[in-house]
>>> print(open('run_2.cif').read())   # mmCIF, C-alpha atoms
data_upload
#
loop_
_atom_site.label_atom_id
_atom_site.label_comp_id
_atom_site.auth_asym_id
_atom_site.auth_seq_id
_atom_site.Cartn_x
_atom_site.Cartn_y
_atom_site.Cartn_z
CA MET P 7 -12.92 3.44 -76.95
CA LYS P 8 -13.08 1.65 -80.32
CA ILE P 9 -9.30 1.24 -80.32
CA ALA P 10 -9.39 -0.15 -76.77
CA ARG P 11 -12.09 -2.63 -77.79
CA LEU P 12 -10.10 -3.70 -80.84
CA ILE P 13 -7.01 -4.25 -78.70
CA GLY P 14 -9.09 -6.19 -76.19
CA LEU P 15 -10.54 -8.39 -78.95
CA LEU P 16 -7.06 -8.93 -80.39
CA PHE P 17 -5.73 -10.16 -77.04
CA PHE P 18 -8.83 -12.32 -76.57
CA PHE P 19 -8.35 -14.14 -79.88
CA LEU P 20 -4.62 -14.43 -79.23
CA TRP P 21 -5.40 -16.04 -75.86
CA LEU P 22 -7.78 -18.50 -77.57
CA GLU P 23 -5.14 -19.41 -80.15
CA VAL P 24 -2.41 -19.98 -77.54
CA GLY P 25 -4.82 -22.07 -75.47
CA ALA P 26 -5.66 -24.19 -78.50
CA ILE P 27 -1.97 -24.77 -79.19
CA PHE P 28 -1.38 -26.02 -75.64
CA ALA P 29 -4.59 -28.07 -75.69
CA ASP P 30 -3.46 -29.80 -78.88
CA SER P 31 0.10 -30.50 -77.67
CA PRO P 32 0.65 -34.27 -77.76
CA LYS P 33 1.08 -36.25 -74.60
CA GLU P 34 4.30 -38.12 -73.91
CA LYS P 35 3.62 -41.78 -74.72
CA VAL P 36 5.30 -44.05 -72.16
CA ILE P 37 5.75 -47.76 -71.55
CA LEU P 38 6.73 -48.44 -67.94
CA ASP P 39 8.99 -51.51 -67.73
CA THR P 40 9.23 -52.32 -64.05
CA ASP P 41 10.01 -54.73 -61.23
CA MET P 42 6.86 -53.43 -59.57
CA VAL P 43 6.35 -53.02 -55.82
CA GLU P 44 3.67 -51.36 -53.74
CA ALA P 45 4.14 -47.63 -53.17
CA PHE P 46 7.83 -46.67 -53.16
CA ASP P 47 9.33 -46.76 -55.49
CA ASP P 48 7.91 -48.41 -58.66
CA GLY P 49 4.30 -48.09 -57.54
CA VAL P 50 4.56 -44.36 -56.96
CA ALA P 51 6.37 -43.91 -60.30
CA MET P 52 3.50 -45.70 -62.08
CA VAL P 53 0.82 -43.66 -60.30
CA LEU P 54 2.50 -40.36 -61.20
CA LEU P 55 2.75 -41.35 -64.86
CA ALA P 56 -0.81 -42.69 -64.98
CA ASN P 57 -2.23 -39.44 -63.56
CA ALA P 58 0.06 -36.90 -65.24
CA PRO P 59 -2.01 -34.75 -67.63
CA ASN P 60 0.87 -34.53 -70.12
CA VAL P 61 1.60 -38.30 -70.20
CA GLU P 62 -0.19 -41.20 -71.86
CA LEU P 63 0.82 -44.38 -70.06
CA LEU P 64 0.46 -46.93 -72.85
CA GLY P 65 1.08 -49.93 -70.62
CA VAL P 66 3.06 -51.56 -67.84
CA THR P 67 5.35 -54.54 -68.36
CA THR P 68 6.65 -56.39 -65.33
CA ILE P 69 9.91 -58.22 -64.78
CA SER P 70 11.56 -59.99 -61.86
CA GLY P 71 13.92 -57.87 -59.80
CA ASN P 72 12.72 -56.10 -56.67
CA SER P 73 9.77 -58.48 -56.86
CA TRP P 74 8.92 -61.59 -58.84
CA VAL P 75 7.27 -60.89 -62.17
CA GLU P 76 3.92 -62.35 -61.00
CA GLU P 77 3.99 -60.23 -57.84
CA GLY P 78 4.61 -57.21 -60.02
CA VAL P 79 1.48 -57.98 -62.01
CA ALA P 80 -0.65 -58.15 -58.85
CA PHE P 81 0.85 -54.95 -57.41
CA ALA P 82 0.41 -53.06 -60.68
CA LEU P 83 -3.20 -54.14 -61.13
CA ARG P 84 -4.18 -53.17 -57.60
CA GLN P 85 -2.59 -49.73 -57.70
CA LEU P 86 -4.10 -48.96 -61.11
CA GLU P 87 -7.50 -50.03 -59.76
CA ILE P 88 -7.14 -47.68 -56.81
CA GLU P 89 -6.35 -44.81 -59.17
CA GLY P 90 -9.25 -45.66 -61.48
CA HIS P 91 -7.05 -46.54 -64.46
CA ASN P 92 -8.58 -49.90 -65.33
CA SER P 93 -7.86 -49.53 -69.04
CA ILE P 94 -4.06 -49.32 -68.79
CA PRO P 95 -2.75 -52.74 -69.89
CA VAL P 96 -0.40 -54.79 -67.71
CA ALA P 97 1.70 -57.58 -69.23
CA ALA P 98 3.97 -60.06 -67.46
CA GLY P 99 7.48 -60.20 -68.84
CA LEU P 100 10.73 -62.03 -68.17
CA LEU P 101 10.93 -64.31 -65.16
CA TYR P 102 14.70 -64.94 -64.95
CA PRO P 103 17.90 -63.08 -65.92
CA LEU P 104 19.62 -64.07 -69.16
CA ARG P 105 22.60 -65.75 -67.47
CA PRO P 106 21.60 -69.26 -66.30
CA ASP P 107 21.52 -70.17 -62.60
CA ARG P 108 21.71 -66.61 -61.22
CA PHE P 109 19.28 -67.47 -58.42
CA GLU P 110 21.13 -70.63 -57.48
CA LEU P 111 24.55 -68.92 -57.55
CA PHE P 112 23.59 -65.62 -55.94
CA ASN P 113 24.78 -66.41 -52.41
CA LEU P 114 28.11 -67.61 -53.77
CA GLU P 115 28.39 -64.44 -55.86
CA ARG P 116 27.95 -62.30 -52.76
CA GLN P 117 30.71 -64.21 -51.01
CA GLU P 118 33.04 -63.81 -53.99
CA PHE P 119 32.12 -60.34 -55.30
CA GLY P 120 31.31 -58.62 -51.99
CA ARG P 121 28.23 -56.98 -50.49
CA GLY P 122 27.06 -53.46 -51.11
CA GLN P 123 25.49 -51.07 -48.62
CA ASP P 124 21.92 -52.32 -49.17
CA THR P 125 20.67 -55.52 -47.56
CA TRP P 126 17.60 -55.86 -49.81
CA VAL P 127 18.16 -58.32 -52.67
CA GLY P 128 14.64 -58.52 -54.11
CA SER P 129 13.50 -61.75 -55.69
CA LEU P 130 17.04 -63.11 -55.44
CA GLY P 131 16.32 -63.62 -51.74
CA TYR P 132 13.01 -65.50 -51.59
CA LYS P 133 10.89 -68.10 -53.40
CA GLU P 134 8.75 -67.44 -56.43
CA PRO P 135 4.99 -67.22 -55.66
CA PRO P 136 2.56 -69.64 -57.37
CA SER P 137 0.82 -67.00 -59.49
CA TRP P 138 -0.22 -63.36 -59.64
CA ARG P 139 -3.75 -64.40 -58.61
CA ASP P 140 -2.40 -66.05 -55.48
CA VAL P 141 -0.45 -62.90 -54.60
CA TYR P 142 -3.47 -60.67 -55.22
CA ALA P 143 -5.83 -62.81 -53.12
CA LYS P 144 -3.43 -63.08 -50.19
CA ARG P 145 -2.41 -59.44 -50.29
CA TYR P 146 -5.76 -57.76 -50.88
CA GLY P 147 -8.35 -60.33 -49.81
CA SER P 148 -10.54 -59.79 -52.85
CA ALA P 149 -10.85 -60.56 -56.54
CA PRO P 150 -9.17 -58.19 -59.02
CA LYS P 151 -11.35 -55.86 -61.06
CA ILE P 152 -9.01 -56.01 -64.06
CA GLN P 153 -6.89 -58.71 -65.64
CA PRO P 154 -3.42 -58.65 -67.17
CA LEU P 155 -2.93 -59.23 -70.87
CA ASP P 156 -2.38 -62.73 -72.17
CA GLN P 157 0.38 -61.24 -74.30
CA HIS P 158 3.98 -61.48 -73.05
CA GLY P 159 5.54 -58.20 -71.97
CA VAL P 160 8.29 -58.45 -74.60
CA ASP P 161 5.72 -58.72 -77.40
CA PHE P 162 3.71 -55.88 -75.90
CA ILE P 163 6.76 -53.61 -76.13
CA ILE P 164 7.40 -54.64 -79.75
CA ASP P 165 3.79 -54.19 -80.91
CA THR P 166 3.31 -50.90 -79.06
CA VAL P 167 6.49 -49.33 -80.43
CA ARG P 168 5.62 -50.44 -83.97
CA ALA P 169 2.14 -48.95 -83.59
CA ASN P 170 3.60 -45.60 -82.41
CA PRO P 171 6.82 -45.12 -84.40
CA GLY P 172 9.08 -42.41 -83.03
CA GLN P 173 6.71 -41.58 -80.19
CA VAL P 174 7.31 -44.04 -77.33
CA THR P 175 9.52 -43.40 -74.32
CA ILE P 176 10.56 -46.58 -72.52
CA ALA P 177 10.89 -46.00 -68.78
CA ALA P 178 13.13 -48.94 -67.83
CA ILE P 179 13.04 -48.80 -64.02
CA GLY P 180 13.84 -52.46 -63.38
CA PRO P 181 16.29 -54.97 -64.83
CA CYS P 182 16.65 -54.66 -68.59
CA GLY P 183 15.62 -58.16 -69.71
CA ASN P 184 12.29 -57.28 -71.34
CA LEU P 185 13.76 -54.51 -73.46
CA ALA P 186 16.83 -56.60 -74.30
CA LEU P 187 14.72 -59.48 -75.62
CA ALA P 188 12.44 -57.06 -77.46
CA ILE P 189 15.30 -55.54 -79.45
CA ARG P 190 16.86 -58.97 -80.01
CA LYS P 191 13.58 -60.39 -81.30
CA ALA P 192 12.63 -57.29 -83.30
CA PRO P 193 15.70 -55.11 -83.98
CA ASP P 194 13.57 -52.96 -86.29
CA ILE P 195 12.08 -51.24 -83.22
CA ILE P 196 15.42 -49.72 -82.15
CA PRO P 197 15.15 -46.64 -84.42
CA LEU P 198 11.40 -46.44 -83.74
CA ILE P 199 11.84 -45.85 -79.97
CA LYS P 200 11.84 -42.16 -79.09
CA ARG P 201 14.13 -42.60 -76.08
CA VAL P 202 14.93 -44.89 -73.17
CA ILE P 203 15.15 -43.56 -69.62
CA TYR P 204 16.72 -45.95 -67.12
CA MET P 205 16.86 -46.18 -63.40
CA GLY P 206 20.09 -48.09 -63.18
CA GLY P 207 23.82 -47.86 -62.85
CA ALA P 208 26.26 -46.00 -60.64
CA PHE P 209 28.98 -44.18 -62.56
CA HIS P 210 30.59 -41.96 -59.94
CA ARG P 211 29.50 -43.82 -56.80
CA PRO P 212 29.96 -47.33 -55.42
CA GLY P 213 27.32 -49.91 -56.18
CA ASN P 214 24.59 -50.78 -53.70
CA ILE P 215 24.18 -54.55 -54.26
CA THR P 216 27.93 -55.17 -54.58
CA PRO P 217 30.79 -52.68 -54.15
CA ALA P 218 30.91 -52.41 -57.95
CA ALA P 219 27.31 -52.67 -59.12
CA GLU P 220 23.87 -51.10 -58.75
CA PHE P 221 20.98 -53.53 -58.21
CA ASN P 222 18.93 -53.19 -61.43
CA TRP P 223 21.86 -53.63 -63.79
CA TYR P 224 23.54 -56.24 -61.58
CA PHE P 225 20.38 -58.37 -61.64
CA ASP P 226 20.89 -58.95 -65.37
CA PRO P 227 24.19 -57.43 -66.63
CA GLU P 228 23.98 -59.25 -69.96
CA ALA P 229 20.63 -57.62 -70.68
CA ALA P 230 21.79 -54.22 -69.45
CA LYS P 231 24.86 -54.32 -71.71
CA MET P 232 22.77 -55.36 -74.70
CA VAL P 233 20.36 -52.48 -74.16
CA VAL P 234 22.78 -49.63 -73.44
CA ARG P 235 24.81 -50.65 -76.50
CA ALA P 236 21.75 -50.42 -78.76
CA PRO P 237 21.81 -47.32 -81.00
CA PHE P 238 18.65 -45.71 -79.61
CA LYS P 239 18.01 -42.10 -80.57
CA GLU P 240 18.39 -41.02 -76.96
CA GLN P 241 19.35 -42.66 -73.67
CA ILE P 242 19.01 -41.02 -70.26
CA VAL P 243 20.34 -42.65 -67.11
CA VAL P 244 18.98 -41.91 -63.65
CA GLY P 245 21.48 -43.85 -61.55
CA LEU P 246 22.75 -43.77 -58.00
CA ASP P 247 24.68 -40.62 -58.93
CA VAL P 248 21.47 -38.62 -58.56
CA CYS P 249 19.25 -41.05 -56.65
CA GLU P 250 21.44 -41.03 -53.57
CA ASN P 251 21.35 -37.21 -53.50
CA VAL P 252 17.57 -37.16 -53.02
CA ILE P 253 16.92 -38.24 -49.45
CA PHE P 254 13.42 -39.24 -48.34
CA HIS P 255 12.97 -37.84 -44.82
CA ALA P 256 10.07 -37.97 -42.39
CA ASP P 257 8.88 -34.49 -43.32
CA ASN P 258 8.57 -35.58 -46.97
CA TYR P 259 6.73 -38.72 -45.90
CA ASN P 260 4.32 -36.84 -43.66
CA ARG P 261 3.68 -34.26 -46.36
CA LEU P 262 2.78 -37.02 -48.82
CA LEU P 263 0.50 -38.70 -46.29
CA LYS P 264 -1.32 -35.41 -45.86
CA THR P 265 -1.79 -35.23 -49.63
CA LEU P 266 -3.14 -38.79 -49.77
CA GLY P 267 -5.58 -38.25 -46.91
CA GLN P 268 -7.82 -41.27 -46.29
CA SER P 269 -7.26 -42.84 -49.72
CA GLU P 270 -6.33 -46.47 -50.34
CA GLN P 271 -2.92 -45.25 -51.48
CA ALA P 272 -2.33 -43.86 -47.99
CA LYS P 273 -3.11 -47.29 -46.55
CA LEU P 274 -0.67 -48.98 -48.95
CA LEU P 275 2.01 -46.44 -48.09
CA ARG P 276 1.57 -46.90 -44.34
CA ARG P 277 1.93 -50.66 -44.52
CA SER P 278 4.88 -50.55 -46.94
CA PHE P 279 8.48 -51.01 -45.83
CA ILE P 280 8.95 -47.24 -45.83
CA GLY P 281 5.75 -46.56 -43.93
CA GLN P 282 6.51 -49.12 -41.25
CA ASN P 283 9.99 -47.71 -40.73
CA PHE P 284 8.84 -44.10 -40.50
CA ALA P 285 6.17 -45.18 -38.00
CA LYS P 286 8.90 -46.66 -35.79
CA ASP P 287 11.52 -43.95 -36.24
CA GLN P 288 11.05 -40.41 -37.53
CA ASN P 289 14.81 -40.23 -38.07
CA PHE P 290 14.61 -43.01 -40.66
CA SER P 291 15.56 -42.00 -44.20
CA PHE P 292 15.39 -43.66 -47.59
CA PHE P 293 15.76 -43.01 -51.33
CA VAL P 294 13.06 -42.65 -53.99
CA TRP P 295 14.96 -44.11 -56.99
CA ASP P 296 12.40 -44.92 -59.72
CA VAL P 297 10.17 -42.00 -58.80
CA LEU P 298 12.84 -39.67 -60.20
CA VAL P 299 12.43 -41.23 -63.65
CA ALA P 300 8.68 -40.55 -63.61
CA ALA P 301 9.21 -37.00 -62.37
CA ILE P 302 11.77 -36.25 -65.09
CA ILE P 303 9.43 -37.58 -67.79
CA ILE P 304 6.63 -35.38 -66.46
CA ASP P 305 8.86 -32.32 -66.06
CA PRO P 306 12.31 -32.48 -67.71
CA SER P 307 13.12 -29.01 -66.37
CA LEU P 308 13.67 -30.64 -62.96
CA ILE P 309 17.14 -31.62 -64.21
CA THR P 310 19.73 -29.13 -62.99
CA GLN P 311 23.00 -30.98 -63.69
CA LYS P 312 23.88 -33.69 -66.17
CA GLU P 313 26.78 -34.97 -68.23
CA GLU P 314 27.15 -36.60 -71.63
CA ALA P 315 29.24 -39.76 -71.82
CA PHE P 316 29.56 -43.04 -73.65
CA ILE P 317 28.30 -45.80 -71.35
CA ASP P 318 28.70 -49.54 -71.04
CA VAL P 319 28.06 -52.39 -68.59
CA ASN P 320 30.57 -55.03 -67.53
CA ASP P 321 29.13 -58.52 -68.14
CA GLN P 322 32.36 -60.38 -67.32
CA TYR P 323 31.68 -62.73 -64.43
CA GLY P 324 33.90 -61.53 -61.61
CA LEU P 325 34.41 -58.78 -59.03
CA SER P 326 33.13 -56.03 -61.35
CA TYR P 327 30.19 -58.01 -62.73
CA GLY P 328 27.35 -55.60 -63.49
CA GLN P 329 29.44 -52.44 -63.06
CA SER P 330 28.31 -49.45 -65.11
CA LEU P 331 31.04 -47.57 -66.97
CA ALA P 332 31.16 -44.01 -68.30
CA TYR P 333 33.71 -42.78 -70.87
CA LEU P 334 34.03 -39.05 -71.47
CA LYS P 335 36.45 -39.48 -74.38
CA GLN P 336 37.71 -42.79 -75.74
CA ALA P 337 35.20 -45.62 -75.35
CA PRO P 338 34.70 -49.21 -76.49
CA PRO P 339 33.61 -49.25 -80.15
CA LEU P 340 30.00 -50.30 -79.45
CA ALA P 341 29.39 -47.98 -76.48
CA GLN P 342 26.62 -45.42 -77.09
CA LYS P 343 26.32 -41.85 -75.90
CA ALA P 344 23.92 -41.20 -73.02
CA THR P 345 22.90 -38.40 -70.68
CA ILE P 346 23.74 -39.16 -67.04
CA ILE P 347 21.62 -37.18 -64.58
CA LEU P 348 23.59 -35.80 -61.63
CA GLU P 349 21.27 -33.33 -59.86
CA ILE P 350 17.63 -32.28 -59.86
CA ASP P 351 15.67 -29.41 -58.33
CA GLN P 352 14.66 -31.15 -55.14
CA ASN P 353 12.19 -28.56 -53.88
CA ARG P 354 10.20 -28.74 -57.10
CA PHE P 355 10.44 -32.52 -57.09
CA TRP P 356 8.79 -32.77 -53.66
CA ASP P 357 6.18 -30.27 -54.78
CA LEU P 358 5.36 -32.48 -57.75
CA LEU P 359 5.24 -35.67 -55.69
CA THR P 360 2.83 -34.17 -53.17
CA ASP P 361 0.54 -32.46 -55.70
CA GLN P 362 -2.94 -34.06 -55.65
CA LYS P 363 -3.01 -33.67 -59.43
CA TYR P 364 -0.95 -36.87 -59.57
CA TRP P 365 -3.07 -38.80 -57.04
CA ALA P 366 -6.56 -39.35 -58.46
CA SER P 367 -7.55 -41.59 -55.54
CA ALA P 368 -6.84 -38.78 -53.07
CA ARG P 369 -9.25 -36.46 -54.88
CA LYS P 370 -12.26 -38.80 -54.56
#
>>> encode(input="run_2.cif", output="structure tokens")
Amino acid sequence: MKIARLIGLLFFFLWLEVGAIFADSPKEKVILDTDMVEAFDDGVAMVLLANAPNVELLGVTTISGNSWVEEGVAFALRQLEIEGHNSIPVAAGLLYPLRPDRFELFNLERQEFGRGQDTWVGSLGYKEPPSWRDVYAKRYGSAPKIQPLDQHGVDFIIDTVRANPGQVTIAAIGPCGNLALAIRKAPDIIPLIKRVIYMGGAFHRPGNITPAAEFNWYFDPEAAKMVVRAPFKEQIVVGLDVCENVIFHADNYNRLLKTLGQSEQAKLLRRSFIGQNFAKDQNFSFFVWDVLVAAIIIDPSLITQKEEAFIDVNDQYGLSYGQSLAYLKQAPPLAQKATIILEIDQNRFWDLLTDQKYWASARK
């Protein structure tokens, strides 16, 4: 009996020690750099990261792309409010791409460079709103509970990386302008960044905005080239190669709605582009793009197939403007090595997405 008790005590103290180790394991520190929208896909990516128990979302920086930068501020603030994360800072970043006159020349570019499979062109297709406050008031009919930082998004990235050397993952799920200007303004942060995970590019598939280019990197190819050529410790690319393998069907949508219940997030999802289309047609399908970046940060074991390659972006103004390039052997001298994600465990991904653990508003 004494021996049994001793063994029992030994296992008990071992259990306490293992628990303490896991309790003390540091959270993944993340800056989400995003062309924010409501719900899918940037909004959902932000919510997952904000609620993940193993992630510390240090802040959200917005940039024009899928939305205008000021719209992104309003959308980010509202969705963080819904989830009860009023202390996560939001900072407005870059308004325009680095190349002058992109907005004015966009229609001509599409005539000359061709159209991709997607009709959505984001902020390239409509006028800039007056302010984030105007967007918030018109969209939500109330005053915001939280305010964005006065600090520019580029400076927020610089200061946050310097304050957390070697610890910050940049989730770059929009155009790359904020990060490009941050490393141009403060090149000392390049070795201080833990890693950069992009949603961008299409290495083994056609583009979606033009036949050659994926939307995020086409929006600002000069910025994308500057960033992927920076000697970061680690770069991971979640491009169309994997994104277009993960199809969002009605059963996934309905499963998520069941998870969200009567929450405000469910209301946002229903009135979103995706929600409206599923309401009209249960055969509708879509992609989840940026959500894959958040899921991989939360659980890297979701990755089931990847490849290592040197990558680059074509910033020459012409038919292949914005095209992402992968070199398995010889590469341009300044191209950096990156991990290109090709497949994920889709069953586990949908399980993660529909787990109430990542939806604080649905648990209220």
>>> residues_around(input="run_2.cif", residues="Asp305 (chain P)", least_positions_apart="5", cutoff="10 Å", atoms="only C-alpha atoms", output="list in words")
Ala58, Asn60, Val299, Ala300, Arg354, Phe355 and Leu358 of chain P
>>> atom_distance(input="run_2.cif", atom1="CA of Arg211 (chain P)", atom2="CA of Gln329 (chain P)")
10.7 Å
>>> residues_around(input="run_2.cif", residues="Phe279 (chain P)", least_positions_apart="3", cutoff="12 Å", atoms="only C-alpha atoms", output="JSON, numbers by chain")
{"P": [43, 44, 45, 46, 47, 126, 274, 275, 276, 282, 283, 284, 285, 286, 290, 291, 292]}
>>> resolve_selection(input="run_2.cif", expression="the PyMOL selection byres ((chain P and resi 56) around 10)", output="MDAnalysis selection string")
chainID P and resid 36 38 50:55 57:65 86 89:91 94 300 364:366
>>> resolve_selection(input="run_2.cif", expression="the PyMOL selection byres ((chain P and resi 221-233) around 6)", output="PyMOL selection string")
chain P and resi 103+180-183+186+206+215+219-220+234-236+319+321+328
>>> atom_distance(input="run_2.cif", atom1="CA of Leu340 (chain P)", atom2="CA of Ile317 (chain P)")
9.4 Å
>>> residues_around(input="run_2.cif", residues="region 250-253 of chain P", least_positions_apart="4", cutoff="10 Å", atoms="only C-alpha atoms", output="list in words")
Ala208, Arg211, Gly245, Leu246, Asn258, Ser291, Phe292, Phe293, Val294, Trp295, Leu298, Leu348, Glu349, Ile350, Asp351, Gln352, Phe355 and Trp356 of chain P
>>> write_last_selection(input="run_2.cif", atoms="C-alpha atoms", output="mmCIF file, in the coordinates of the input")
data_model
loop_
_atom_site.group_PDB
_atom_site.id
_atom_site.type_symbol
_atom_site.label_atom_id
_atom_site.label_comp_id
_atom_site.auth_asym_id
_atom_site.auth_seq_id
_atom_site.Cartn_x
_atom_site.Cartn_y
_atom_site.Cartn_z
ATOM 1 C CA ALA P 208 26.260 -46.000 -60.640
ATOM 2 C CA ARG P 211 29.500 -43.820 -56.800
ATOM 3 C CA GLY P 245 21.480 -43.850 -61.550
ATOM 4 C CA LEU P 246 22.750 -43.770 -58.000
ATOM 5 C CA ASN P 258 8.570 -35.580 -46.970
ATOM 6 C CA SER P 291 15.560 -42.000 -44.200
ATOM 7 C CA PHE P 292 15.390 -43.660 -47.590
ATOM 8 C CA PHE P 293 15.760 -43.010 -51.330
ATOM 9 C CA VAL P 294 13.060 -42.650 -53.990
ATOM 10 C CA TRP P 295 14.960 -44.110 -56.990
ATOM 11 C CA LEU P 298 12.840 -39.670 -60.200
ATOM 12 C CA LEU P 348 23.590 -35.800 -61.630
ATOM 13 C CA GLU P 349 21.270 -33.330 -59.860
ATOM 14 C CA ILE P 350 17.630 -32.280 -59.860
ATOM 15 C CA ASP P 351 15.670 -29.410 -58.330
ATOM 16 C CA GLN P 352 14.660 -31.150 -55.140
ATOM 17 C CA PHE P 355 10.440 -32.520 -57.090
ATOM 18 C CA TRP P 356 8.790 -32.770 -53.660
#
>>> resolve_selection(input="run_2.cif", expression="the PyMOL selection byres ((chain P and resi 130) around 8)", output="count of residues only")
8
>>> atom_distance(input="run_2.cif", atom1="CA of Gln311 (chain P)", atom2="CA of Gly172 (chain P)")
26.4 Å
>>> closest_residue(input="run_2.cif", among="P:Thr175, P:Ser73, P:Thr67, P:Gln117", to="Glu34 (chain P)", atoms="only C-alpha atoms")
P:Thr175
>>> closest_residue(input="run_2.cif", among="P:Lys33, P:Asp107, P:Asp41, P:Asp361", to="Arg261 (chain P)", atoms="only C-alpha atoms")
P:Asp361
>>> residues_near_point(input="run_2.cif", point="(17.4, -38.9, -68.1)", cutoff="8 Å", atoms="all atoms listed in the file", output="list in words")
Ile203, Tyr204, Gln241, Ile242, Val243, Val244, Val299, Ile302, Thr345, Ile346 and Ile347 of chain P
>>> closest_residue(input="run_2.cif", among="P:Pro106, P:Pro197, P:Gly49, P:Gly120", to="Gln85 (chain P)", atoms="all atoms listed in the file")
P:Gly49
>>> residues_around(input="run_2.cif", residues="Arg116 (chain P)", least_positions_apart="5", cutoff="10 Å", atoms="all atoms listed in the file", output="mmCIF file with C-alpha atoms, in the frame of the given file")
data_model
loop_
_atom_site.group_PDB
_atom_site.id
_atom_site.type_symbol
_atom_site.label_atom_id
_atom_site.label_comp_id
_atom_site.auth_asym_id
_atom_site.auth_seq_id
_atom_site.Cartn_x
_atom_site.Cartn_y
_atom_site.Cartn_z
ATOM 1 C CA LEU P 111 24.550 -68.920 -57.550
ATOM 2 C CA ARG P 121 28.230 -56.980 -50.490
ATOM 3 C CA GLY P 122 27.060 -53.460 -51.110
ATOM 4 C CA ILE P 215 24.180 -54.550 -54.260
ATOM 5 C CA THR P 216 27.930 -55.170 -54.580
ATOM 6 C CA LEU P 325 34.410 -58.780 -59.030
#
>>> residues_around(input="run_2.cif", residues="Arg369 (chain P)", least_positions_apart="2", cutoff="9 Å", atoms="all atoms listed in the file", output="MDAnalysis selection string")
chainID P and resid 266:267 269 362:363 365:367
>>> closest_residue(input="run_2.cif", among="P:Gln322, P:Asn214, P:Asn92, P:Thr40", to="Asn72 (chain P)", atoms="all atoms listed in the file")
P:Thr40
